[in-house]
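In what follows, a structure is listed as structure tokens, so that the remarks can point back to it.
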Amino acid sequence: MRVLTVSDKVVPYLYDRHLKQVVGSVDLLISCGDVPPYYLDFLSTTLNVPLFFVYGNHTFGAHQQWPGKRSLPSGANLHRRVVQYQGLLLAGLEGSRRYRPRAPHQYTEGEMLRNCLTLVPALLRNRLVYGRFLDVLITHAPPRHIHDGEDVAHRGFSCFRWFMRVFRPRYLIHGHMHVYRHDIPTVTRFAETTVINTYPYRVLTLQPASTCSPLSRISERAHRIWDHINVRWQSFISEKNEEMVDV
């Protein structure tokens, strides 16, 4: 699946009628926050693809409304949610470290940990049904000590490191960290997760992990047992039929 991911900046050559020639064919649009709704509306409408997003730490004039005073697309906001789209398991966590009292979409480490914990029941269900917890975690802020900064506003969350160790998503895609030099790392491997800074955009090929769920293993075993019973039963019936013929 080809996915366009964006964050933190309106890229002029994407916000243009030649968008399709720049990014090619994509199946999904994901925003990691801090881009205005009109930009996302243009991208998703022009490309004719679904959108999933999380909010960043900044607010915009139309932050809670889509262009034309329409409501935000139903189901598009991934914050504290787990969804399955064409086999890809996605979850989202919005915002950044709290650096202004009572500011929206800003969290302390403890508050973000509680956000992570709200995902756990759905992740456990994924493990049971799909054989894995998650494919992609979408965040605005990075994990602590991975692509983050030392100032309060840009310090990453330690609980994201815990999340990656326990639930093992294939990817964590974030924004928030503006990159202006080529020698700054933007892709890092942590445990079993590839951490990607998408600023200002990337076109990624994301594939769901190929796993076998516990339920499917139980189902396969039940089918094998049933096949065995069915073979024995048919053999028994055949023997009885032969006995009746002999009589």
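Every chain in the structure tokens takes a letter, A first, then B, and so on in the order presented; its residues are numbered from 1, and the ligands are numbered from 1 following the presented order.
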Please provide as a PyMOL selection string all residues within 12 Å of segment 15-25 of chain A, with the sequence filter that same-chain residues fewer than 4 positions apart are discarded (counting only C-alpha atoms). chain A and resi 1-6+9-11+29+35-36+38-49+201-205
Given the selection you just returned, output its residues as a file containing C-alpha atoms, formatted as a compact mmCIF listing (two decimals), in the first residue's frame.
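Output file part-v8.txt is given in full below:
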# COMPACT_ATOMS: atom_id res chain seq x y z
CA MET A 1 0.00 0.00 0.00
CA ARG A 2 1.41 3.39 -1.02
CA VAL A 3 0.75 6.05 1.61
CA LEU A 4 1.32 9.81 1.50
CA THR A 5 2.27 11.07 4.97
CA VAL A 6 2.48 14.78 5.80
CA LYS A 9 4.32 22.34 6.64
CA VAL A 10 2.25 23.17 3.58
CA VAL A 11 4.49 22.10 0.71
CA LEU A 29 -3.32 9.92 3.21
CA VAL A 35 -1.07 21.24 8.93
CA PRO A 36 -4.26 23.25 8.22
CA TYR A 38 -7.64 23.18 3.81
CA TYR A 39 -4.33 21.48 2.92
CA LEU A 40 -5.54 18.04 3.95
CA ASP A 41 -8.84 18.63 2.19
CA PHE A 42 -7.03 19.49 -1.04
CA LEU A 43 -4.71 16.48 -0.81
CA SER A 44 -7.39 13.93 0.01
CA THR A 45 -9.85 15.32 -2.54
CA THR A 46 -7.33 15.62 -5.38
CA LEU A 47 -5.91 12.16 -4.76
CA ASN A 48 -9.37 10.72 -3.99
CA VAL A 49 -8.09 8.71 -1.03
CA TYR A 201 6.04 14.65 3.62
CA ARG A 202 6.93 11.16 2.47
CA VAL A 203 5.50 8.58 0.12
CA LEU A 204 5.84 5.25 1.90
CA THR A 205 5.06 1.67 0.94
Contacts of Leu123 of chain A at 9 Å (only C-alpha atoms; same-chain gap of 6+ positions) as an mmCIF file with N, CA and C atoms, in the first residue's frame:
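Result file around.cif:
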data_model
loop_
_atom_site.group_PDB
_atom_site.id
_atom_site.type_symbol
_atom_site.label_atom_id
_atom_site.label_comp_id
_atom_site.auth_asym_id
_atom_site.auth_seq_id
_atom_site.Cartn_x
_atom_site.Cartn_y
_atom_site.Cartn_z
ATOM 1 N N VAL A 82 -7.945 2.673 17.397
ATOM 2 C CA VAL A 82 -7.292 1.624 16.614
ATOM 3 C C VAL A 82 -8.248 1.255 15.488
ATOM 4 N N ARG A 132 -1.409 -10.063 15.585
ATOM 5 C CA ARG A 132 -0.427 -9.030 15.882
ATOM 6 C C ARG A 132 -1.168 -7.852 16.507
ATOM 7 N N PHE A 133 -0.426 -7.029 17.238
ATOM 8 C CA PHE A 133 -1.055 -5.906 17.913
ATOM 9 C C PHE A 133 -1.332 -4.733 16.966
ATOM 10 N N LEU A 134 -0.340 -4.397 16.145
ATOM 11 C CA LEU A 134 -0.428 -3.147 15.383
ATOM 12 C C LEU A 134 0.603 -3.147 14.269
ATOM 13 N N PHE A 167 4.237 -3.635 22.204
ATOM 14 C CA PHE A 167 3.254 -3.916 21.163
ATOM 15 C C PHE A 167 3.839 -4.046 19.761
#
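Atom CA of Arg100 of chain A lies 27.5 Å from atom CA of Ile184 of chain A.
Proximity ranking of A:Arg170, A:Arg155, A:His147, A:His79 relative to Tyr99 of chain A places A:Arg155 first, based on only C-alpha atoms.
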Figure out the distance between atom CA of Gln207 of chain A and atom CA of Asp34 of chain A, please, to one decimal in Å. 25.9 Å
Find the residues near Thr198 of chain A: any atom within 12 Å, counting only C-alpha atoms, skip ones fewer than 3 places away on the same chain, and give them as a PyMOL selection string. chain A and resi 3-9+30-33+138-142+147+171-179+185-187+195+201-204
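Nearest residue to Phe163 of chain A among A:Tyr107, A:Tyr55, A:Phe190, A:Tyr180 is A:Phe190, counting only C-alpha atoms.
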With only C-alpha atoms as the atoms that count, which of A:Pro50, A:Cys116, A:Tyr130, A:Glu94 lies nearest to Asp27 of chain A? A:Pro50
Contacts of segment 110-113 of chain A at 12 Å or less, counting only C-alpha atoms, minus same-chain residues fewer than 2 places along, as an NGL selection string? :A and (79-80 or 92-98 or 105-108 or 115-120 or 139-141 or 143 or 156-163)
Could you list, as a list in words, every residue within 9 Å of Thr188 of chain A, counting only C-alpha atoms and ignoring same-chain residues fewer than 5 positions away?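 These residues fall inside the cut-off: Ile146, His147, Thr193, Thr194, Val195, Ile196 and Asn197 of chain A.
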Preceding selection exported with C-alpha atoms as a PDB file, in the first residue's frame:
ATOM      1  CA  ILE A 146      14.717   9.284  18.867  1.00  0.00           C
ATOM      2  CA  HIS A 147      14.629  12.324  16.540  1.00  0.00           C
ATOM      3  CA  THR A 193       9.857  -0.771  14.941  1.00  0.00           C
ATOM      4  CA  THR A 194      11.054   1.565  12.202  1.00  0.00           C
ATOM      5  CA  VAL A 195      10.620   5.149  13.457  1.00  0.00           C
ATOM      6  CA  ILE A 196      10.087   7.671  10.635  1.00  0.00           C
ATOM      7  CA  ASN A 197      10.015  11.466  10.810  1.00  0.00           C
TER       8      ASN A 197
END
Residue with the minimum atom-to-atom distance to Arg144 of chain A, picked from A:Arg81, A:Pro121, A:Pro169, A:Glu109 with only C-alpha atoms counted, is A:Glu109
By how many Å are atom CA of Gly56 of chain A and atom CA of Arg127 of chain A apart?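 Result for atom CA of Gly56 of chain A versus atom CA of Arg127 of chain A: 28.5 Å, one decimal.
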Residues of segment 50-204 of chain A classed as alpha helix (DSSP H) by DSSP on the backbone are to be reported as a PyMOL selection string. chain A and resi 109-118+120-130+158-167
Only N, CA and C atoms, please: the residues just picked out, written as an mmCIF file, in the first residue's frame.
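Ended up saving to again.cif:
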data_model
loop_
_atom_site.group_PDB
_atom_site.id
_atom_site.type_symbol
_atom_site.label_atom_id
_atom_site.label_comp_id
_atom_site.auth_asym_id
_atom_site.auth_seq_id
_atom_site.Cartn_x
_atom_site.Cartn_y
_atom_site.Cartn_z
ATOM 1 N N GLU A 109 4.095 13.559 30.509
ATOM 2 C CA GLU A 109 4.458 12.154 30.269
ATOM 3 C C GLU A 109 3.386 11.219 30.821
ATOM 4 N N GLY A 110 2.888 11.511 32.017
ATOM 5 C CA GLY A 110 1.859 10.664 32.617
ATOM 6 C C GLY A 110 0.560 10.685 31.827
ATOM 7 N N GLU A 111 0.180 11.860 31.331
ATOM 8 C CA GLU A 111 -1.049 11.960 30.541
ATOM 9 C C GLU A 111 -0.929 11.190 29.230
ATOM 10 N N MET A 112 0.244 11.254 28.608
ATOM 11 C CA MET A 112 0.414 10.508 27.365
ATOM 12 C C MET A 112 0.441 9.006 27.628
ATOM 13 N N LEU A 113 1.006 8.599 28.757
ATOM 14 C CA LEU A 113 0.970 7.182 29.103
ATOM 15 C C LEU A 113 -0.473 6.701 29.236
ATOM 16 N N ARG A 114 -1.323 7.520 29.857
ATOM 17 C CA ARG A 114 -2.737 7.140 29.968
ATOM 18 C C ARG A 114 -3.383 7.048 28.589
ATOM 19 N N ASN A 115 -2.995 7.949 27.676
ATOM 20 C CA ASN A 115 -3.487 7.839 26.303
ATOM 21 C C ASN A 115 -3.074 6.511 25.675
ATOM 22 N N CYS A 116 -1.830 6.121 25.900
ATOM 23 C CA CYS A 116 -1.348 4.838 25.379
ATOM 24 C C CYS A 116 -2.173 3.680 25.941
ATOM 25 N N LEU A 117 -2.474 3.749 27.233
ATOM 26 C CA LEU A 117 -3.178 2.647 27.886
ATOM 27 C C LEU A 117 -4.605 2.501 27.378
ATOM 28 N N THR A 118 -5.210 3.602 26.895
ATOM 29 C CA THR A 118 -6.562 3.486 26.353
ATOM 30 C C THR A 118 -6.595 2.627 25.088
ATOM 31 N N VAL A 120 -4.939 -0.204 24.736
ATOM 32 C CA VAL A 120 -4.594 -1.594 25.050
ATOM 33 C C VAL A 120 -5.716 -2.585 24.758
ATOM 34 N N PRO A 121 -6.977 -2.345 25.178
ATOM 35 C CA PRO A 121 -8.016 -3.348 24.871
ATOM 36 C C PRO A 121 -8.148 -3.645 23.377
ATOM 37 N N ALA A 122 -8.120 -2.601 22.545
ATOM 38 C CA ALA A 122 -8.228 -2.816 21.097
ATOM 39 C C ALA A 122 -6.996 -3.522 20.548
ATOM 40 N N LEU A 123 -5.832 -3.237 21.117
ATOM 41 C CA LEU A 123 -4.609 -3.908 20.667
ATOM 42 C C LEU A 123 -4.642 -5.397 21.010
ATOM 43 N N LEU A 124 -5.157 -5.715 22.189
ATOM 44 C CA LEU A 124 -5.283 -7.127 22.577
ATOM 45 C C LEU A 124 -6.270 -7.854 21.657
ATOM 46 N N ARG A 125 -7.324 -7.168 21.282
ATOM 47 C CA ARG A 125 -8.261 -7.760 20.334
ATOM 48 C C ARG A 125 -7.573 -8.009 18.990
ATOM 49 N N ASN A 126 -6.768 -7.032 18.527
ATOM 50 C CA ASN A 126 -6.020 -7.237 17.286
ATOM 51 C C ASN A 126 -5.144 -8.484 17.366
ATOM 52 N N ARG A 127 -4.493 -8.650 18.501
ATOM 53 C CA ARG A 127 -3.597 -9.801 18.670
ATOM 54 C C ARG A 127 -4.374 -11.108 18.562
ATOM 55 N N LEU A 128 -5.572 -11.113 19.107
ATOM 56 C CA LEU A 128 -6.392 -12.315 19.073
ATOM 57 C C LEU A 128 -6.941 -12.579 17.680
ATOM 58 N N VAL A 129 -7.403 -11.516 17.001
ATOM 59 C CA VAL A 129 -8.064 -11.681 15.709
ATOM 60 C C VAL A 129 -7.068 -11.761 14.554
ATOM 61 N N TYR A 130 -6.033 -10.891 14.579
ATOM 62 C CA TYR A 130 -5.118 -10.783 13.443
ATOM 63 C C TYR A 130 -3.747 -11.402 13.707
ATOM 64 N N SER A 158 8.770 9.166 26.591
ATOM 65 C CA SER A 158 9.373 7.877 26.959
ATOM 66 C C SER A 158 8.369 6.741 26.832
ATOM 67 N N CYS A 159 7.084 7.023 27.059
ATOM 68 C CA CYS A 159 6.084 5.955 26.984
ATOM 69 C C CYS A 159 5.956 5.394 25.572
ATOM 70 N N PHE A 160 6.363 6.156 24.558
ATOM 71 C CA PHE A 160 6.358 5.606 23.202
ATOM 72 C C PHE A 160 7.395 4.488 23.063
ATOM 73 N N ARG A 161 8.510 4.609 23.760
ATOM 74 C CA ARG A 161 9.516 3.554 23.739
ATOM 75 C C ARG A 161 8.953 2.284 24.386
ATOM 76 N N TRP A 162 8.269 2.470 25.516
ATOM 77 C CA TRP A 162 7.607 1.329 26.166
ATOM 78 C C TRP A 162 6.590 0.702 25.221
ATOM 79 N N PHE A 163 5.809 1.544 24.549
ATOM 80 C CA PHE A 163 4.778 1.056 23.629
ATOM 81 C C PHE A 163 5.412 0.201 22.524
ATOM 82 N N MET A 164 6.513 0.670 21.958
ATOM 83 C CA MET A 164 7.158 -0.073 20.868
ATOM 84 C C MET A 164 7.721 -1.403 21.347
ATOM 85 N N ARG A 165 8.287 -1.423 22.556
ATOM 86 C CA ARG A 165 8.831 -2.676 23.082
ATOM 87 C C ARG A 165 7.739 -3.703 23.334
ATOM 88 N N VAL A 166 6.580 -3.257 23.832
ATOM 89 C CA VAL A 166 5.510 -4.180 24.227
ATOM 90 C C VAL A 166 4.647 -4.591 23.038
ATOM 91 N N PHE A 167 4.237 -3.635 22.204
ATOM 92 C CA PHE A 167 3.254 -3.916 21.163
ATOM 93 C C PHE A 167 3.839 -4.046 19.761
#
